[in-house]
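First up is the structure itself, then whatever we jot down about it.
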Amino acid sequence: MANSVHVIGPASGSIDSPILIIGEAPGRLGADASAIPFHGDKAGENFEALLEQVGLSRHDCFITNAALCNPKDENGNNATPLRTEIQNCSNFLKRQIDLVDPKIVVTLGAQALNALKSIEQHEIELSAAIRKTWTWYGRSLIALYHPGQRAMIHRSFFNQLADYRFLSETFLRTTREKRPLNASPTSQTIAKIAERFANQPDGISYFALHKLFYLAEYEFYRRNNRRMTSAYIVRQKEGPYVFEMHIKKLTKAIKTLKVWNDRSRLMVRAADTSTLFSQTSKNEFDEVLEYVSGKYGRSSDGDLKRIVYLTAPMRQILRKEKGLGQNTFNRAIDFSAIDTRE
């Protein structure tokens, strides 16, 4: 792990999260590349799909790993972290749990479950722990299988979906929060919005797609004091990035989407679409999308970057970064910074 970078920071989630999720280690093609836990590879895709389908999101979770750096074998591929490597990170894991102080601790896979023994001993075995709640370190502990493809051989996606539903139900009972468990996945709405913006004769850049989506969320919140979707949007160097609009997810969700490279830019184009929900009368989403498309749709990537950084949520992030010296890279964007009275 000597040449690996530890994956911990704002992208892990809020320290006020009621759920703390512990994986094994960052994946080479996922968190090790994106600096975002469980994002960018197949394990991340499965993990995000499982959360979404039971009504949970990254907004509810702080996500970390038993080993904070990606362990690689001699060929540069993912390797199982050694016991000594996990032990070396155990004090960091304990400090994270103490800091977040979650109501529920969730482990993904046997390695993560066993890593907890360095903090407080337990005798829990993964195979016997499914859909059960245990008391550990003064908190509720739920052990789940890892969402990676190898683990899917031992426990299928659909079985894991039932396990995550147990997690969601436990979360709602613990927090006494009322939330529909069978709500339409937010990714369906996100894909339709992305499809709407990508419906351009010459296509638009993937960069611009994220910025237009953010501006639509911003404008909708400004008008209605609520979000259009529960998309997890973070601040990256080039501006807002929407987790649910990873290019692999979009190409699966939008069957007409064409993707190509134009020199150094990734471009996307979708076929013609009607109003967002195929209704004869326009709805509040359509009005905002038309407004954003008309005002910003033809802006250059450079102009879009400048425009998004002038919005209230992004200005708030910059103030924290410059004034307080905080690390705001991959920090979730807080739309409540918008003054709806403007």
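Just remember, in the structure tokens the first chain shown is A, the second B, etc., residues are 1-based per chain, and ligands are 1-based in the order shown.
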Just want the 6 Å neighbourhood of segment 146-148 of chain A, counted on only C-alpha atoms, with same-chain residues fewer than 6 positions away dropped. Output as an MDAnalysis selection string. chainID A and resid 43 46:47 108:109
Residues as selected, C-alpha atoms, written as a PDB file, in the first residue's frame, can you do that?
ATOM      1  CA  ALA A  43     -18.934  -3.018  -6.625  1.00  0.00           C
ATOM      2  CA  ASN A  46     -24.089  -2.603  -7.138  1.00  0.00           C
ATOM      3  CA  PHE A  47     -23.809  -0.819  -3.789  1.00  0.00           C
ATOM      4  CA  LEU A 108     -19.772  -5.254   3.983  1.00  0.00           C
ATOM      5  CA  GLY A 109     -18.104  -8.651   3.833  1.00  0.00           C
TER       6      GLY A 109
END
For the contact check between segment 6-109 of chain A and segment 119-136 of chain A, emit one row per residue of segment 6-109 of chain A within 8 Å, containing the shortest atom pair and the distance in Å rounded to one decimal, counting only C-alpha atoms, chain then rising number order, as JSON lines.
{"residue": "A:Ser90", "atom": "CA", "partner": "A:Ile119", "partner_atom": "CA", "distance": 7.1}
{"residue": "A:Asn91", "atom": "CA", "partner": "A:Ile119", "partner_atom": "CA", "distance": 7.9}
{"residue": "A:Lys94", "atom": "CA", "partner": "A:Ile119", "partner_atom": "CA", "distance": 6.3}
{"residue": "A:Gly109", "atom": "CA", "partner": "A:Leu126", "partner_atom": "CA", "distance": 7.3}
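Taking atom CA of Arg165 of chain A and atom CA of Ser14 of chain A as endpoints, the distance between them is 22.1 Å.
Proximity ranking of A:Ala337, A:Met267, A:Met245, A:Leu99 relative to Pro201 of chain A places A:Met267 first, based on only C-alpha atoms.
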